[in-house]
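Participant: I'd like to ask you about the structure that follows.
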Amino acid sequence: MDDLDQAWERAVDRAVAVVACRERIPCNPCEDACRKGAIVVGEDICAPPRYDPGRCDGCGNCVAMCPGMAVFLLDRSGGGGKARITLPYEMQDAVEEGEEAWALDGAGETLGKGKIVKTAKMLKKDATILVTLEVPEEWSLKVRGLRVRVMSLEALQELEVPLQEEDRLMCRCEEVSSEKARAYVKMGFYSLGALRRFSRIGLGYCQGRFCQTMLASELQAATSRTPEDVGTFRVRPPVRPVKLSRLGGEDD
Amino acid sequence: MTDVLSSEVVVIGGGVIGAATAYFLCKEGAEVMIVEADDLSSGASGACDGFVSLQTKQLGDYLEMARESAQLFPPIVEDLEVDVEYNRCGGLMLARTADQLKELKARAKKLMAAGLEVEILSPSELKERLPEVSKDVKGASFCADDSQVNPYKFTLGLAQKAQEMGAIILKGCKVENIVVTNNRVREVDTSVGSIHSRRVICAAGTGSNQIGKMIIVDIPILPQRGQILVTESRERLLDCIVSGAEYLGTKANLAELMPDGEEALKLGLGFTAEQTASGNILIGSTREFVGFDNNTTPDAINAIAKNAIDFLPWIKDLDVIRSFAGLRPYSPDGLPILGMVKGVKGFYMATGHAGDGISLAPITGKLISELVLDGETSMDIEPFSLYRFK
């Protein structure tokens, strides 16, 4: 029986740590965190921790201490097809007991909704909060993370305020909005060149690569003229921005 | 358009001169119509920098007129709805040789005698106004009266204000003929119809020659091409308008200040730099006679860039995003042609300002308005008569 099977069995009665670290990396805070000596890394700091679930009292120190967030607590004692998973949570937003949260797997994919049943700050100087999430038992060994504020996903869509017309930029280089552009067109310009000079639309770094057609069509519409009649911006060298030193013949 | 149009005064040309003239006429309550073949500031006023420079003006009557004009800027700027980005920033003229500096010193004395605020700066004094200027610069003259303005916005602002006071602006409207009977202007025939008017002002810039032909008067205006580079927009790098002594040389035809080298002479190369309100630096410029070709050319672009780096080495790291060329209405002596013509009553000329249209627009508008409405002017415009060339 490996440590995972042992932990699974022990979790029927109580919370117990599941150590999911299999990496050969120089890391051993879990060893120091465990007051029961259940986790041992040993002389070779790169060795994966050796874990004895039989000694674990489910204190959760290792969960808070593991910088790789590779340890969680599993508690199946509640029964009813539910399991409680205790995970480290390092985001700044408030986590409220009783709220719903999304349970995520190791790839960050959403497994489904769980319920936050407990939050705890384990170590005084550590910002890490331990969040205990109640989930269907079959997710027990898949849950590796959570996303709080279930509502925020829906709320996010509501928060997506439709872009206001006055904010929509026609000329990004000179930051002139479409609304402002139309106001310029209404001033009664006849030529695209004059409209460009006064509005500064198309006078910026890109010289009108993006905004020219938009401005031209506004002018066409306002003056009931054809694209040919309204014409285009006059293209002048250097067409693309070029360092003055290159024009001055200093660089090759 | 089938309506028969009429107006007390018709202004031909929607550039800065036409707009300023319409503005002053409207101030006096005149009924004005501006006839523009394309759109406002589509000619020289739309393809220039914003220098309102006094220290570059030819001494004498012309400087006197420019000074009057400069004094008209603040009240006009105050009066316009449009922010024309007027900035009394002062102007530097840089000398790269001891001879040039000597010339600038002599000139400064004369400018001061004429009432301008001018000082000669040593290289160390210059560094305070223009850090990181080339070590080759031997000194400079600084004129506190020099300023800058956005030429398009100034033109638009004047035209808009005139419009507000009742002026009608016809855009895309080409003048085809001017009808003269009994030695008096009667009518202006345009692509959109005829306009009855007994007073017509030619503010057509480089198109003035063409307009003159319609009344069988030779208005000797040649298009003079000026090419300018535009850099990317940057934080404030220039606090004042800057030019090189050669700029004055090519402008005022001063042999002592002409540029060195055959190509520079051919291009009429003179250094100018101005940072606009939008942060772009306009770098000039050339004075070329190539007919109505207003393309920019690789030779000139390279020469302008190299010349600029010689004065301001740091400028080499800026990106150039555009070049442009404007055709300036150049008269045989480079000075404007103002006033009436013999034998055709009601025809007035306000043209030939070459590269000084922006700075001379206020005084030109004011004087021509006076001439049209009162028959006399508050300043003598005789020195700028068409007949000085004969």
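Scheme for the structure tokens: letters A, B, ... for chains in order shown; per-chain residue numbers from 1; ligand numbers from 1 in order shown.
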From a backbone DSSP assignment, name each residue in range 48-190 of chain A labelled helix (DSSP H, G or I), as a PyMOL selection string.

Facilitator: chain A and resi 53-55+61-65+137-139+150-159+165-167+178-186

Participant: Pull out every residue of chain B sitting within 6 Å of chain A, counting only C-alpha atoms, and send them as a list in words.

Facilitator: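 Residues satisfying the distance criterion: Asp39, Asn302, Ala305, Lys306, Lys316, Asp317, Leu318, Asp319, Val320, Ile321, Arg322 and Ser323 of chain B.
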
Participant: Grab the residues selected above and save them as a PDB file, in the first residue's frame with N, CA, C and O atoms.

Facilitator:
ATOM      1  N   ASP B  39      -9.960  73.148 -50.186  1.00  0.00           N
ATOM      2  CA  ASP B  39     -10.469  73.304 -48.825  1.00  0.00           C
ATOM      3  C   ASP B  39      -9.561  74.287 -48.103  1.00  0.00           C
ATOM      4  O   ASP B  39      -8.522  74.681 -48.632  1.00  0.00           O
ATOM      5  N   ASN B 302      17.438  63.817 -47.378  1.00  0.00           N
ATOM      6  CA  ASN B 302      18.741  63.463 -46.801  1.00  0.00           C
ATOM      7  C   ASN B 302      19.511  64.705 -46.373  1.00  0.00           C
ATOM      8  O   ASN B 302      20.129  64.732 -45.309  1.00  0.00           O
ATOM      9  N   ALA B 305      18.020  66.208 -43.219  1.00  0.00           N
ATOM     10  CA  ALA B 305      18.333  65.373 -42.054  1.00  0.00           C
ATOM     11  C   ALA B 305      19.779  65.583 -41.616  1.00  0.00           C
ATOM     12  O   ALA B 305      20.072  65.774 -40.433  1.00  0.00           O
ATOM     13  N   LYS B 306      20.678  65.570 -42.567  1.00  0.00           N
ATOM     14  CA  LYS B 306      22.100  65.710 -42.248  1.00  0.00           C
ATOM     15  C   LYS B 306      22.370  67.085 -41.636  1.00  0.00           C
ATOM     16  O   LYS B 306      23.064  67.209 -40.616  1.00  0.00           O
ATOM     17  N   LYS B 316      19.274  62.904 -34.154  1.00  0.00           N
ATOM     18  CA  LYS B 316      19.473  61.728 -35.012  1.00  0.00           C
ATOM     19  C   LYS B 316      18.700  60.503 -34.523  1.00  0.00           C
ATOM     20  O   LYS B 316      18.377  59.613 -35.291  1.00  0.00           O
ATOM     21  N   ASP B 317      18.397  60.464 -33.215  1.00  0.00           N
ATOM     22  CA  ASP B 317      17.719  59.291 -32.668  1.00  0.00           C
ATOM     23  C   ASP B 317      16.204  59.336 -32.804  1.00  0.00           C
ATOM     24  O   ASP B 317      15.525  58.380 -32.444  1.00  0.00           O
ATOM     25  N   LEU B 318      15.685  60.426 -33.308  1.00  0.00           N
ATOM     26  CA  LEU B 318      14.231  60.518 -33.484  1.00  0.00           C
ATOM     27  C   LEU B 318      13.818  59.828 -34.783  1.00  0.00           C
ATOM     28  O   LEU B 318      14.561  59.791 -35.750  1.00  0.00           O
ATOM     29  N   ASP B 319      12.606  59.312 -34.771  1.00  0.00           N
ATOM     30  CA  ASP B 319      12.053  58.718 -35.987  1.00  0.00           C
ATOM     31  C   ASP B 319      11.399  59.800 -36.838  1.00  0.00           C
ATOM     32  O   ASP B 319      10.662  60.639 -36.316  1.00  0.00           O
ATOM     33  N   VAL B 320      11.666  59.738 -38.122  1.00  0.00           N
ATOM     34  CA  VAL B 320      10.952  60.601 -39.059  1.00  0.00           C
ATOM     35  C   VAL B 320       9.724  59.836 -39.526  1.00  0.00           C
ATOM     36  O   VAL B 320       9.830  58.695 -39.968  1.00  0.00           O
ATOM     37  N   ILE B 321       8.543  60.448 -39.388  1.00  0.00           N
ATOM     38  CA  ILE B 321       7.328  59.733 -39.793  1.00  0.00           C
ATOM     39  C   ILE B 321       6.767  60.253 -41.115  1.00  0.00           C
ATOM     40  O   ILE B 321       5.946  59.602 -41.733  1.00  0.00           O
ATOM     41  N   ARG B 322       7.216  61.407 -41.531  1.00  0.00           N
ATOM     42  CA  ARG B 322       6.650  61.976 -42.746  1.00  0.00           C
ATOM     43  C   ARG B 322       7.546  63.088 -43.266  1.00  0.00           C
ATOM     44  O   ARG B 322       8.329  63.673 -42.511  1.00  0.00           O
ATOM     45  N   SER B 323       7.404  63.346 -44.546  1.00  0.00           N
ATOM     46  CA  SER B 323       7.990  64.554 -45.111  1.00  0.00           C
ATOM     47  C   SER B 323       6.857  65.249 -45.843  1.00  0.00           C
ATOM     48  O   SER B 323       5.862  64.618 -46.185  1.00  0.00           O
TER      49      SER B 323
END

Participant: Pick out the residues sitting within 12 Å of Lys121 in chain A, and hand them over as a PDB file with C-alpha atoms, in the first residue's frame; count only C-alpha atoms, and ignore anything fewer than 3 positions along from it in its own chain.

Facilitator:
ATOM      1  CA  CYS A  59      -2.905  19.891  11.278  1.00  0.00           C
ATOM      2  CA  GLY A  60      -2.446  21.377   7.820  1.00  0.00           C
ATOM      3  CA  ASN A  61       0.904  23.090   8.468  1.00  0.00           C
ATOM      4  CA  VAL A  63      -0.412  22.520   3.262  1.00  0.00           C
ATOM      5  CA  ALA A  64       0.317  26.100   4.133  1.00  0.00           C
ATOM      6  CA  MET A  65       4.080  25.732   3.909  1.00  0.00           C
ATOM      7  CA  THR A  86      -8.335  21.701   2.325  1.00  0.00           C
ATOM      8  CA  LEU A  87      -6.271  23.758  -0.102  1.00  0.00           C
ATOM      9  CA  PRO A  88      -3.846  26.637   0.202  1.00  0.00           C
ATOM     10  CA  TYR A  89      -5.214  29.877  -1.171  1.00  0.00           C
ATOM     11  CA  GLU A  90      -2.953  32.822  -1.838  1.00  0.00           C
ATOM     12  CA  VAL A  95     -12.914  34.075   1.009  1.00  0.00           C
ATOM     13  CA  LYS A 118     -13.950  26.523   6.557  1.00  0.00           C
ATOM     14  CA  LYS A 124       0.892  34.113  11.756  1.00  0.00           C
ATOM     15  CA  LYS A 125       3.373  35.474   9.311  1.00  0.00           C
ATOM     16  CA  ASP A 126       2.079  33.636   6.295  1.00  0.00           C
ATOM     17  CA  ALA A 127      -0.468  35.140   3.967  1.00  0.00           C
ATOM     18  CA  THR A 128      -1.634  31.720   2.924  1.00  0.00           C
ATOM     19  CA  ILE A 129      -5.184  30.870   3.892  1.00  0.00           C
ATOM     20  CA  LEU A 130      -6.352  27.289   4.117  1.00  0.00           C
ATOM     21  CA  VAL A 131      -9.695  26.878   2.480  1.00  0.00           C
ATOM     22  CA  THR A 132     -11.708  23.750   3.059  1.00  0.00           C
TER      23      THR A 132
END

Participant: Excluding Ile228 in chain B and its own-chain neighbours fewer than 2 positions away, which residues fall within 6 Å of it when counting only C-alpha atoms? Please give them as a list of chain:residue names.

Facilitator: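 Near Ile228 in chain B, the qualifying residues are B:Ile283, B:Gly284, B:Ser285, B:Ser323, B:Phe324.
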
Participant: Next, dump the selected residues to file, keeping only all heavy atoms, as a PDB file, in the first residue's frame.

Facilitator:
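Listing of part.pdb after writing:
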ATOM      1  N   ILE B 283      11.239  69.759 -39.119  1.00  0.00           N
ATOM      2  CA  ILE B 283      12.610  70.123 -39.467  1.00  0.00           C
ATOM      3  C   ILE B 283      12.663  70.559 -40.924  1.00  0.00           C
ATOM      4  O   ILE B 283      12.223  69.844 -41.821  1.00  0.00           O
ATOM      5  CB  ILE B 283      13.562  68.921 -39.274  1.00  0.00           C
ATOM      6  CG1 ILE B 283      13.418  68.341 -37.864  1.00  0.00           C
ATOM      7  CG2 ILE B 283      15.004  69.342 -39.518  1.00  0.00           C
ATOM      8  CD1 ILE B 283      14.126  67.002 -37.695  1.00  0.00           C
ATOM      9  N   GLY B 284      13.174  71.777 -41.140  1.00  0.00           N
ATOM     10  CA  GLY B 284      13.244  72.272 -42.507  1.00  0.00           C
ATOM     11  C   GLY B 284      14.658  72.659 -42.860  1.00  0.00           C
ATOM     12  O   GLY B 284      15.568  72.470 -42.062  1.00  0.00           O
ATOM     13  N   SER B 285      14.742  73.252 -43.959  1.00  0.00           N
ATOM     14  CA  SER B 285      13.816  73.313 -45.084  1.00  0.00           C
ATOM     15  C   SER B 285      14.596  73.683 -46.336  1.00  0.00           C
ATOM     16  O   SER B 285      15.802  73.930 -46.262  1.00  0.00           O
ATOM     17  CB  SER B 285      12.695  74.333 -44.830  1.00  0.00           C
ATOM     18  OG  SER B 285      13.242  75.622 -44.738  1.00  0.00           O
ATOM     19  N   SER B 323       7.404  63.346 -44.546  1.00  0.00           N
ATOM     20  CA  SER B 323       7.990  64.554 -45.111  1.00  0.00           C
ATOM     21  C   SER B 323       6.857  65.249 -45.843  1.00  0.00           C
ATOM     22  O   SER B 323       5.862  64.618 -46.185  1.00  0.00           O
ATOM     23  CB  SER B 323       9.109  64.197 -46.094  1.00  0.00           C
ATOM     24  OG  SER B 323       8.600  63.385 -47.128  1.00  0.00           O
ATOM     25  N   PHE B 324       6.967  66.529 -46.030  1.00  0.00           N
ATOM     26  CA  PHE B 324       5.977  67.190 -46.885  1.00  0.00           C
ATOM     27  C   PHE B 324       6.628  68.373 -47.575  1.00  0.00           C
ATOM     28  O   PHE B 324       7.720  68.811 -47.206  1.00  0.00           O
ATOM     29  CB  PHE B 324       4.711  67.583 -46.119  1.00  0.00           C
ATOM     30  CG  PHE B 324       4.887  68.606 -45.022  1.00  0.00           C
ATOM     31  CD1 PHE B 324       4.984  69.954 -45.327  1.00  0.00           C
ATOM     32  CD2 PHE B 324       4.910  68.220 -43.700  1.00  0.00           C
ATOM     33  CE1 PHE B 324       5.115  70.905 -44.315  1.00  0.00           C
ATOM     34  CE2 PHE B 324       5.044  69.162 -42.685  1.00  0.00           C
ATOM     35  CZ  PHE B 324       5.151  70.499 -42.993  1.00  0.00           C
TER      36      PHE B 324
END

Participant: Given only C-alpha atoms as the basis, pick out the residue of B:Glu263, B:Asp293, B:Asp83, B:Asp333 nearest to Pro220 in chain B.

Facilitator: B:Asp333

Participant: If you count only C-alpha atoms, which residues fall within 9 Å of Val52 in chain B, apart from same-chain ones fewer than 4 positions away, as a list in words?

Facilitator: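 Surrounding residues, per the criterion: Ala66, Ala70, Arg88, Asp145, Asp146, Ser147, Gln148, Val149, Asp356, Ile358, Ser359 and Leu360 of chain B.
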
Participant: Mind checking DSSP for range 43-259 of chain B and telling me the strand (DSSP E) residues as a PyMOL selection string?

Facilitator: chain B and resi 51-52+91-95+118-121+139-143+147-148+168-170+175-181+184-190+193-196+200-202+222-233+241-244

Participant: Report, in Å with one decimal, the straight-line distance from CA of Val32 in chain B to CA of Ala20 in chain B.

Facilitator: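 Between CA of Val32 in chain B and CA of Ala20 in chain B the gap works out to 11.9 Å.
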
Participant: Applying 12 Å and only C-alpha atoms, which residues near Gln6 in chain A remain after dropping the ones on its own chain fewer than 3 positions away? List them as an MDAnalysis selection string.

Facilitator: chainID A and resid 1:3 9:12 16:19 51:56 74

Participant: Near Cys173 in chain B, counting only C-alpha atoms, which residues have an atom at most 6 Å away, once you skip same-chain residues fewer than 6 positions from it, shown as a PyMOL selection string?

Facilitator: chain B and resi 36-37+191

Participant: Please produce a file of the residues just selected, as a PDB file, in the first residue's frame, where the atoms kept are all heavy atoms.

Facilitator:
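The result, stored in again.pdb:
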ATOM      1  N   GLU B  36     -12.955  78.958 -52.468  1.00  0.00           N
ATOM      2  CA  GLU B  36     -11.753  78.112 -52.322  1.00  0.00           C
ATOM      3  C   GLU B  36     -11.874  76.902 -53.252  1.00  0.00           C
ATOM      4  O   GLU B  36     -12.841  76.163 -53.193  1.00  0.00           O
ATOM      5  CB  GLU B  36     -11.614  77.679 -50.852  1.00  0.00           C
ATOM      6  CG  GLU B  36     -10.647  76.536 -50.588  1.00  0.00           C
ATOM      7  CD  GLU B  36      -9.238  76.766 -51.103  1.00  0.00           C
ATOM      8  OE1 GLU B  36      -8.663  77.840 -50.850  1.00  0.00           O
ATOM      9  OE2 GLU B  36      -8.705  75.867 -51.797  1.00  0.00           O
ATOM     10  N   ALA B  37     -10.865  76.702 -54.078  1.00  0.00           N
ATOM     11  CA  ALA B  37     -10.905  75.620 -55.056  1.00  0.00           C
ATOM     12  C   ALA B  37     -10.883  74.245 -54.398  1.00  0.00           C
ATOM     13  O   ALA B  37     -11.471  73.291 -54.909  1.00  0.00           O
ATOM     14  CB  ALA B  37      -9.729  75.738 -56.027  1.00  0.00           C
ATOM     15  N   SER B 191     -16.934  77.460 -60.706  1.00  0.00           N
ATOM     16  CA  SER B 191     -17.431  76.127 -61.075  1.00  0.00           C
ATOM     17  C   SER B 191     -18.804  75.851 -60.472  1.00  0.00           C
ATOM     18  O   SER B 191     -19.474  74.908 -60.880  1.00  0.00           O
ATOM     19  CB  SER B 191     -16.428  75.059 -60.627  1.00  0.00           C
ATOM     20  OG  SER B 191     -16.175  75.188 -59.240  1.00  0.00           O
TER      21      SER B 191
END
